[in-house]
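This is data_8.cif (mmCIF, C-alpha atoms).
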```
data_protein
#
loop_
_atom_site.label_atom_id
_atom_site.label_comp_id
_atom_site.auth_asym_id
_atom_site.auth_seq_id
_atom_site.Cartn_x
_atom_site.Cartn_y
_atom_site.Cartn_z
CA MET R 173 120.46 79.13 75.57
CA ILE R 174 119.53 81.39 78.49
CA GLY R 175 122.40 83.56 79.63
CA SER R 176 124.91 81.96 77.28
CA ARG R 177 126.55 85.31 76.51
CA PHE R 178 127.61 85.52 80.17
CA ILE R 179 129.38 82.15 80.30
CA ILE R 180 133.06 82.12 81.02
CA SER R 181 134.63 79.57 78.70
CA GLY R 182 134.76 76.17 80.38
CA ASP R 183 133.01 77.36 83.50
CA LYS R 184 129.92 75.15 83.64
CA ILE R 185 129.31 75.94 87.31
CA PHE R 186 128.88 79.64 86.52
CA TYR R 187 126.37 78.79 83.79
CA ILE R 188 124.32 76.53 86.07
CA VAL R 189 124.18 79.12 88.86
CA PHE R 190 123.17 81.85 86.40
CA VAL R 191 120.31 79.79 84.95
CA ARG R 192 119.09 78.82 88.43
CA ASN R 193 119.01 82.49 89.44
CA ILE R 194 116.98 83.38 86.34
CA LEU R 195 114.48 80.62 87.14
CA LYS R 196 114.24 81.76 90.76
CA ILE R 197 113.46 85.32 89.66
CA GLY R 198 110.76 84.04 87.30
CA ARG R 199 109.15 81.89 90.01
CA PHE R 200 109.30 84.77 92.49
CA LYS R 201 107.53 87.17 90.10
CA TRP R 202 104.84 84.55 89.41
CA TYR R 203 104.40 83.95 93.15
CA MET R 204 104.06 87.67 93.94
CA LYS R 205 101.54 88.24 91.14
CA ASP R 206 99.54 85.28 92.42
CA ARG R 207 99.48 86.87 95.89
CA VAL R 208 98.34 90.18 94.42
CA LEU R 209 95.50 88.47 92.54
CA LYS R 210 94.40 86.69 95.74
CA ILE R 211 94.31 90.02 97.60
CA ILE R 212 92.23 91.52 94.79
CA LYS R 213 89.78 88.62 95.00
CA GLU R 214 89.62 88.99 98.79
CA THR R 215 88.82 92.70 98.37
CA GLU R 216 86.01 91.94 95.90
CA GLN R 217 84.41 89.40 98.21
CA LYS R 218 84.72 91.55 101.32
CA HIS R 219 83.20 94.71 99.81
CA GLY R 220 80.85 93.25 97.19
CA VAL R 221 82.48 94.99 94.23
CA LYS R 222 84.21 94.03 91.02
CA ILE R 223 87.81 95.14 90.46
CA VAL R 224 87.69 96.28 86.83
CA TRP R 225 91.44 96.72 86.48
CA ALA R 226 94.47 96.77 88.75
CA ILE R 227 98.03 97.99 88.31
CA GLU R 228 101.24 98.59 90.28
CA SER R 229 102.16 102.19 91.07
CA GLY R 230 105.12 103.95 92.66
CA SER R 231 108.74 102.83 92.63
CA ARG R 232 108.08 99.39 91.14
CA ALA R 233 106.27 100.95 88.17
CA TRP R 234 109.00 103.61 87.87
CA GLY R 235 111.73 100.97 87.83
CA PHE R 236 113.71 101.77 90.97
CA ALA R 237 112.15 99.66 93.70
CA SER R 238 114.42 98.35 96.46
CA GLU R 239 114.30 94.84 97.91
CA ASP R 240 112.12 96.05 100.80
CA SER R 241 109.73 98.23 98.75
CA ASP R 242 106.02 97.68 99.30
CA TYR R 243 103.67 96.60 96.54
CA ASP R 244 101.38 99.55 95.77
CA ILE R 245 98.33 98.03 94.10
CA ARG R 246 95.95 100.58 92.57
CA CYS R 247 92.55 99.66 91.16
CA MET R 248 89.23 100.78 89.76
CA HIS R 249 86.10 99.02 91.05
CA MET R 250 82.38 98.96 90.35
CA GLY R 251 79.30 98.00 92.32
CA ASP R 252 76.01 96.75 90.89
CA LEU R 253 73.57 99.12 89.14
CA ASN R 254 71.47 99.67 92.29
CA SER R 255 74.48 101.10 94.10
CA TYR R 256 74.50 103.98 91.59
CA LEU R 257 70.74 104.59 91.63
CA GLY R 258 69.69 104.20 95.26
CA LEU R 259 70.42 106.07 98.49
CA GLU R 260 73.40 103.91 99.36
CA LEU R 261 76.08 104.72 96.83
CA SER R 262 78.82 102.29 95.91
CA ARG R 263 81.83 102.63 98.20
CA GLN R 264 83.97 105.36 96.65
CA GLN R 265 87.33 104.20 98.01
CA ILE R 266 88.60 100.92 99.40
CA ASN R 267 91.87 100.47 101.25
CA LEU R 268 93.51 97.25 102.35
CA ILE R 269 96.97 96.74 103.83
CA LYS R 270 98.28 93.22 104.20
CA ASP R 271 101.93 92.48 104.93
CA ASN R 272 103.88 94.52 102.35
CA PHE R 273 100.88 94.88 100.03
CA ASP R 274 99.04 98.22 99.97
CA LEU R 275 95.84 98.15 97.93
CA GLU R 276 93.79 101.25 97.11
CA SER R 277 90.78 101.15 94.81
CA TRP R 278 88.53 103.95 93.54
CA ASP R 279 84.99 103.56 92.28
CA ILE R 280 84.55 104.26 88.56
CA ARG R 281 82.47 107.36 89.32
CA LYS R 282 85.15 108.83 91.60
CA PHE R 283 87.74 107.96 88.98
CA ALA R 284 85.79 109.87 86.33
CA GLU R 285 85.24 112.88 88.61
CA LEU R 286 88.97 113.13 89.31
CA SER R 287 89.87 112.51 85.68
CA ILE R 288 88.15 115.71 84.57
CA LYS R 289 90.29 117.56 87.12
CA SER R 290 93.47 116.18 85.47
CA ASN R 291 94.32 114.33 88.68
CA PRO R 292 98.07 113.47 88.77
CA GLN R 293 97.53 110.07 90.40
CA ILE R 294 95.21 109.05 87.59
CA ALA R 295 97.78 110.20 85.05
CA GLU R 296 100.27 107.77 86.61
CA TRP R 297 97.93 104.86 87.29
CA LEU R 298 96.74 104.77 83.69
CA ARG R 299 100.35 104.60 82.41
CA SER R 300 101.67 101.84 84.65
CA PRO R 301 103.67 99.19 82.78
CA ILE R 302 102.79 96.61 85.48
CA ILE R 303 99.20 95.46 84.99
CA TYR R 304 97.66 92.76 87.22
CA VAL R 305 94.11 92.92 85.84
CA ASP R 306 93.29 94.66 82.56
CA SER R 307 90.12 95.63 80.72
CA ARG R 308 88.83 97.78 77.89
CA VAL R 309 87.58 100.23 80.52
CA ARG R 310 91.16 101.11 81.49
CA ASN R 311 92.15 101.58 77.86
CA GLN R 312 89.15 103.84 77.20
CA PHE R 313 89.75 105.95 80.29
CA LYS R 314 93.38 106.30 79.28
CA LYS R 315 92.34 107.47 75.80
CA TYR R 316 89.99 110.14 77.18
CA PHE R 317 92.52 111.25 79.80
CA ASP R 318 95.37 111.52 77.30
CA GLU R 319 93.23 113.60 74.95
CA GLY R 320 91.43 115.67 77.56
CA CYS R 321 93.80 116.46 80.44
CA SER R 322 95.60 119.74 81.08
CA LEU R 323 99.26 119.05 80.35
CA GLU R 324 100.34 122.39 81.81
CA PHE R 325 98.57 121.64 85.10
CA LEU R 326 100.36 118.28 85.30
CA ARG R 327 103.71 119.83 84.35
CA GLN R 328 103.34 122.32 87.19
CA HIS R 329 102.32 119.50 89.54
CA TYR R 330 105.56 117.60 88.88
CA ILE R 331 107.61 120.72 89.58
CA ARG R 332 105.68 121.55 92.75
CA MET R 333 106.13 118.01 94.07
CA SER R 334 109.87 118.15 93.35
CA LYS R 335 110.08 121.50 95.11
CA GLN R 336 108.12 120.25 98.11
CA ASN R 337 110.25 117.12 98.50
CA TYR R 338 113.49 119.03 98.02
CA HIS R 339 112.76 121.70 100.63
CA LYS R 340 111.14 119.30 103.09
CA TYR R 341 113.78 116.56 103.10
CA MET R 342 116.99 118.06 101.70
CA GLY R 343 118.08 120.01 104.75
CA LEU R 344 121.53 120.57 106.16
CA GLY R 345 124.14 117.83 105.91
CA THR R 346 126.46 116.24 103.38
CA SER R 347 124.36 113.16 102.58
CA HIS R 348 120.68 112.74 101.77
CA SER R 349 118.12 110.05 101.01
CA CYS R 350 118.55 108.36 97.62
CA LYS R 351 114.79 107.88 97.52
CA VAL R 352 114.11 111.61 97.86
CA TYR R 353 116.73 112.48 95.22
CA LEU R 354 115.03 110.03 92.85
CA TYR R 355 111.60 111.53 93.51
CA VAL R 356 112.88 115.08 93.01
CA LEU R 357 114.84 114.38 89.83
CA ARG R 358 112.13 112.16 88.33
CA GLY R 359 109.58 114.93 88.88
CA ILE R 360 111.79 117.43 87.08
CA ALA R 361 112.45 114.96 84.25
CA CYS R 362 108.70 114.41 83.80
CA ALA R 363 108.08 118.16 83.68
CA ILE R 364 110.79 118.64 81.05
CA TYR R 365 109.37 115.69 79.07
CA ILE R 366 105.95 117.40 78.94
CA GLU R 367 107.60 120.66 77.85
CA LYS R 368 109.54 118.98 75.05
CA GLU R 369 107.08 116.34 73.84
CA ASN R 370 103.72 117.95 74.65
CA LYS R 371 102.35 114.69 76.01
CA LEU R 372 102.28 112.74 79.27
CA PRO R 373 105.55 111.07 80.28
CA PRO R 374 106.01 107.28 80.46
CA LEU R 375 106.55 105.79 83.92
CA PRO R 376 109.81 103.78 83.53
CA TYR R 377 112.51 106.16 84.73
CA LYS R 378 114.99 105.34 81.95
CA GLU R 379 112.56 106.79 79.40
CA VAL R 380 112.37 110.20 81.10
CA ILE R 381 115.79 110.84 82.68
CA GLU R 382 117.18 111.23 79.15
CA TYR R 383 115.71 114.72 79.42
CA LEU R 384 118.02 115.59 82.33
CA PRO R 385 121.59 116.91 81.91
CA GLU R 386 124.15 114.12 81.63
CA TYR R 387 125.65 114.74 85.09
CA ALA R 388 122.15 114.57 86.64
CA ARG R 389 121.40 111.31 84.79
CA LYS R 390 124.60 109.72 86.10
CA PHE R 391 123.79 110.87 89.63
CA PHE R 392 120.26 109.45 89.24
CA GLU R 393 121.65 106.05 88.24
CA ARG R 394 124.00 106.06 91.26
CA CYS R 395 121.00 106.72 93.49
CA VAL R 396 119.14 103.80 91.90
CA ILE R 397 122.07 101.45 92.59
CA GLN R 398 122.35 102.64 96.20
CA LYS R 399 118.59 102.35 96.81
CA ASN R 400 118.40 98.89 95.25
CA THR R 401 119.17 97.16 98.57
CA THR R 402 117.19 99.34 100.99
CA GLU R 403 114.70 102.22 101.04
CA LYS R 404 116.87 103.99 103.64
CA ALA R 405 120.00 104.30 101.47
CA LYS R 406 121.82 107.66 101.45
CA ILE R 407 124.24 109.31 99.05
CA ILE R 408 126.73 112.17 99.30
CA ALA R 409 125.16 115.40 98.04
CA ASP R 410 126.28 116.63 94.61
CA GLU R 411 126.58 120.43 94.46
CA ARG R 412 126.13 120.58 90.70
CA VAL R 413 122.93 118.53 90.87
CA SER R 414 121.67 120.66 93.77
CA ARG R 415 122.23 123.87 91.80
CA PHE R 416 120.36 122.40 88.83
CA VAL R 417 117.42 121.34 91.02
CA GLU R 418 117.21 124.68 92.82
CA SER R 419 117.31 126.57 89.54
CA TYR R 420 114.56 124.49 87.95
CA ILE R 421 112.13 124.38 90.89
CA GLY R 422 112.56 128.13 91.44
CA GLN R 423 110.52 129.04 88.36
CA SER R 424 107.21 130.87 88.71
CA PHE R 425 103.90 129.72 87.21
CA ASN R 426 101.14 131.36 85.27
CA LYS R 427 97.50 130.58 85.99
CA VAL R 428 96.59 127.38 84.20
CA ASP R 429 93.42 126.42 82.33
CA LYS R 430 92.31 123.06 83.80
CA THR R 431 89.40 122.52 81.40
CA PHE R 432 89.09 118.82 80.55
CA LYS R 433 88.60 118.67 76.80
CA LYS R 434 86.84 115.27 76.72
CA LYS R 435 84.36 115.78 79.57
CA GLU R 436 81.20 115.07 77.58
CA GLU R 437 82.67 111.99 75.90
CA LEU R 438 83.89 110.63 79.23
CA ASN R 439 80.51 111.27 80.86
CA ARG R 440 78.67 109.36 78.11
CA TYR R 441 81.11 106.48 78.41
CA LEU R 442 80.69 106.43 82.21
CA ILE R 443 76.89 106.19 81.93
CA LYS R 444 77.11 103.49 79.27
CA THR R 445 79.61 101.42 81.28
CA ILE R 446 77.53 101.56 84.49
CA LYS R 447 74.32 100.63 82.64
CA ASN R 448 75.94 97.66 80.90
CA PHE R 449 77.92 96.37 83.87
#
```
Written as structure tokens, how would this file's structure read?
Amino acid sequence: MIGSRFIISGDKIFYIVFVRNILKIGRFKWYMKDRVLKIIKETEQKHGVKIVWAIESGSRAWGFASEDSDYDIRCMHMGDLNSYLGLELSRQQINLIKDNFDLESWDIRKFAELSIKSNPQIAEWLRSPIIYVDSRVRNQFKKYFDEGCSLEFLRQHYIRMSKQNYHKYMGLGTSHSCKVYLYVLRGIACAIYIEKENKLPPLPYKEVIEYLPEYARKFFERCVIQKNTTEKAKIIADERVSRFVESYIGQSFNKVDKTFKKKEELNRYLIKTIKNF
């Protein structure tokens, strides 16, 4: 039975409350996904496009969203064939903000153009574990991106973002934003993952922080717990973690080859997909 391992012997009230909470969580997730799908449909109707696939990005996809985190919905869309052949091109980017839902969608052509530049956002969107609308197009783009992107360019990106966030937000004081610490340490963990595994890192944070020193992992988990209730949570600075971060982000970079190794294959697939849409 659900949650039976948590039951205190003879305490039926505890069991009932636990099961009710599980059911509430399930209903809430279903309700939120239903709202997301309605917003996607609204976007399609308003702009005359088809959302090919849609995912969740950011802290919810990484696994450390707080109760007041927004829903960051990221999509790929397509127009009809005429919008790729005539003077009026399909809208390249669509943005919609409604309540705590933030939707951003890129046209398939823009998505392909940025893919061959090893765009970091695309690297993350294609790996999201939270998928609202799926299609073979997403899977194919992911295959070409995984095989064609510049891993070294993306490794350097993660380090640069960690460095930027650290120097911009970690100023003087004894306590700092849990959110910023998580962004900084996750970026470093992703860079180390690429170094060690020679492939793109997964999004769920628990799968990448294993590549951090133990003391940094424990600090990361404390930040997650603190941030769980609010985006504005703060934590006392840890000198050992700070020294580790400063040492890692202080490294210099060599010039990187950004050549996308699957450009021709992706281009053929793009043409085929637009023609057959």
Atom pair atom CA of R:Ser262 + atom CA of R:Ile446, distance 11.5 Å
Which of R:Ala405, R:Ile366, R:Ile360, R:Leu268 sits closest to R:Pro385 [using all atoms listed in the file] =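 Using all atoms listed in the file, the shortest distance to R:Pro385 belongs to R:Ile360.
In this structure, atom CA of R:Cys362 sits 14.4 Å away from atom CA of R:Ala233.
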| request: Take the point (95.4, 92.4, 84.9) as written in the file and pick out every residue within 9 Å of it, counting all atoms listed in the file; give the list as a PyMOL selection string. | output: chain R and resi 209+224-227+302-307
Applying 9 Å and all atoms listed in the file, which residues near stretch 318-329 of chain R remain after dropping the ones on its own chain fewer than 6 positions away? List them as a PDB file with C-alpha atoms, keeping the file's coordinate frame.
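Written out: out.pdb:
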```
ATOM      1  CA  SER R 287      89.870 112.510  85.680  1.00  0.00           C
ATOM      2  CA  ILE R 288      88.150 115.710  84.570  1.00  0.00           C
ATOM      3  CA  LYS R 289      90.290 117.560  87.120  1.00  0.00           C
ATOM      4  CA  SER R 290      93.470 116.180  85.470  1.00  0.00           C
ATOM      5  CA  ASN R 291      94.320 114.330  88.680  1.00  0.00           C
ATOM      6  CA  PRO R 292      98.070 113.470  88.770  1.00  0.00           C
ATOM      7  CA  ALA R 295      97.780 110.200  85.050  1.00  0.00           C
ATOM      8  CA  GLY R 359     109.580 114.930  88.880  1.00  0.00           C
ATOM      9  CA  ILE R 360     111.790 117.430  87.080  1.00  0.00           C
ATOM     10  CA  CYS R 362     108.700 114.410  83.800  1.00  0.00           C
ATOM     11  CA  ALA R 363     108.080 118.160  83.680  1.00  0.00           C
ATOM     12  CA  ILE R 364     110.790 118.640  81.050  1.00  0.00           C
ATOM     13  CA  TYR R 365     109.370 115.690  79.070  1.00  0.00           C
ATOM     14  CA  ILE R 366     105.950 117.400  78.940  1.00  0.00           C
ATOM     15  CA  GLU R 367     107.600 120.660  77.850  1.00  0.00           C
ATOM     16  CA  ASN R 370     103.720 117.950  74.650  1.00  0.00           C
ATOM     17  CA  LYS R 371     102.350 114.690  76.010  1.00  0.00           C
ATOM     18  CA  LEU R 372     102.280 112.740  79.270  1.00  0.00           C
ATOM     19  CA  PHE R 425     103.900 129.720  87.210  1.00  0.00           C
ATOM     20  CA  VAL R 428      96.590 127.380  84.200  1.00  0.00           C
ATOM     21  CA  ASP R 429      93.420 126.420  82.330  1.00  0.00           C
ATOM     22  CA  LYS R 430      92.310 123.060  83.800  1.00  0.00           C
ATOM     23  CA  THR R 431      89.400 122.520  81.400  1.00  0.00           C
ATOM     24  CA  PHE R 432      89.090 118.820  80.550  1.00  0.00           C
ATOM     25  CA  LYS R 433      88.600 118.670  76.800  1.00  0.00           C
ATOM     26  CA  LYS R 434      86.840 115.270  76.720  1.00  0.00           C
ATOM     27  CA  LYS R 435      84.360 115.780  79.570  1.00  0.00           C
TER      28      LYS R 435
END
```
* Selection as a ChimeraX atom specification: residues within 9 Å of (125.8, 112.4, 99.5), counting only C-alpha atoms -> /R:345-350,406-410
**Message:** As a check of understanding, name the residues that the PyMOL selection byres ((chain R and resi 416) around 12) selects in the supplied structure, as a list in words.
**Reply:** Tyr338, Val356, Leu357, Ile360, Ala361, Leu384, Pro385, Glu386, Tyr387, Ala388, Arg389, Asp410, Glu411, Arg412, Val413, Ser414, Arg415, Val417, Glu418, Ser419, Tyr420, Ile421, Gly422 and Gln423 of chain R
Keeping only C-alpha atoms, write those residues as a short mmCIF file (atom, residue, chain, number, x, y, z; two decimals), keeping the file's coordinate frame.
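And here is the file that came out, again-v9.cif:
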```
data_model
loop_
_atom_site.label_atom_id
_atom_site.label_comp_id
_atom_site.auth_asym_id
_atom_site.auth_seq_id
_atom_site.Cartn_x
_atom_site.Cartn_y
_atom_site.Cartn_z
CA TYR R 338 113.49 119.03 98.02
CA VAL R 356 112.88 115.08 93.01
CA LEU R 357 114.84 114.38 89.83
CA ILE R 360 111.79 117.43 87.08
CA ALA R 361 112.45 114.96 84.25
CA LEU R 384 118.02 115.59 82.33
CA PRO R 385 121.59 116.91 81.91
CA GLU R 386 124.15 114.12 81.63
CA TYR R 387 125.65 114.74 85.09
CA ALA R 388 122.15 114.57 86.64
CA ARG R 389 121.40 111.31 84.79
CA ASP R 410 126.28 116.63 94.61
CA GLU R 411 126.58 120.43 94.46
CA ARG R 412 126.13 120.58 90.70
CA VAL R 413 122.93 118.53 90.87
CA SER R 414 121.67 120.66 93.77
CA ARG R 415 122.23 123.87 91.80
CA VAL R 417 117.42 121.34 91.02
CA GLU R 418 117.21 124.68 92.82
CA SER R 419 117.31 126.57 89.54
CA TYR R 420 114.56 124.49 87.95
CA ILE R 421 112.13 124.38 90.89
CA GLY R 422 112.56 128.13 91.44
CA GLN R 423 110.52 129.04 88.36
#
```
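Residue membership of the PyMOL selection byres ((chain R and resi 402) around 9) in the shown file amounts to Ala237, Ser238, Glu239, Asp240, Ser241, Gln398, Lys399, Asn400, Thr401, Glu403, Lys404 and Ala405 of chain R.
For the atom pair formed by atom CA of R:Tyr243 and atom CA of R:Phe283, the distance is 21.0 Å, given to one decimal.
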Among R:Gln312, R:Ser300, R:Asn337, R:Gln264, R:Glu285 is approached most closely, using only C-alpha atoms, by R:Gln264
Residues returned when the PyMOL selection byres ((chain R and resi 274) around 9) runs on this file, as a count of residues only: 14
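With distances restricted to all atoms listed in the file, R:Ser255 is the closest residue to R:Asp279 from R:Gln217, R:Asn439, R:Gln293, R:Ser255.
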Open item on the list: Can you pull out the residues contacting R:Lys444? Cut-off 12 Å, using only C-alpha atoms, and skip same-chain residues under 6 positions away; I want them as a list of chain:residue names.
Closed with: R:Leu253, R:Ile280, R:Val309, R:Glu437, R:Leu438
Practice prompt. Tell me which protein, DNA and RNA residues are within 10 Å of R:Ile266, counting all atoms listed in the file, leaving out same-chain ones fewer than 6 positions away, and put them as a PyMOL selection string.
Written response: chain R and resi 215-216+219+221+247-249+275-279
Which of R:Met250, R:Leu286, R:Met204, R:Ile294 sits closest to R:Gly220 [using all atoms listed in the file]: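 Smallest distance to R:Gly220 is found for R:Met250.
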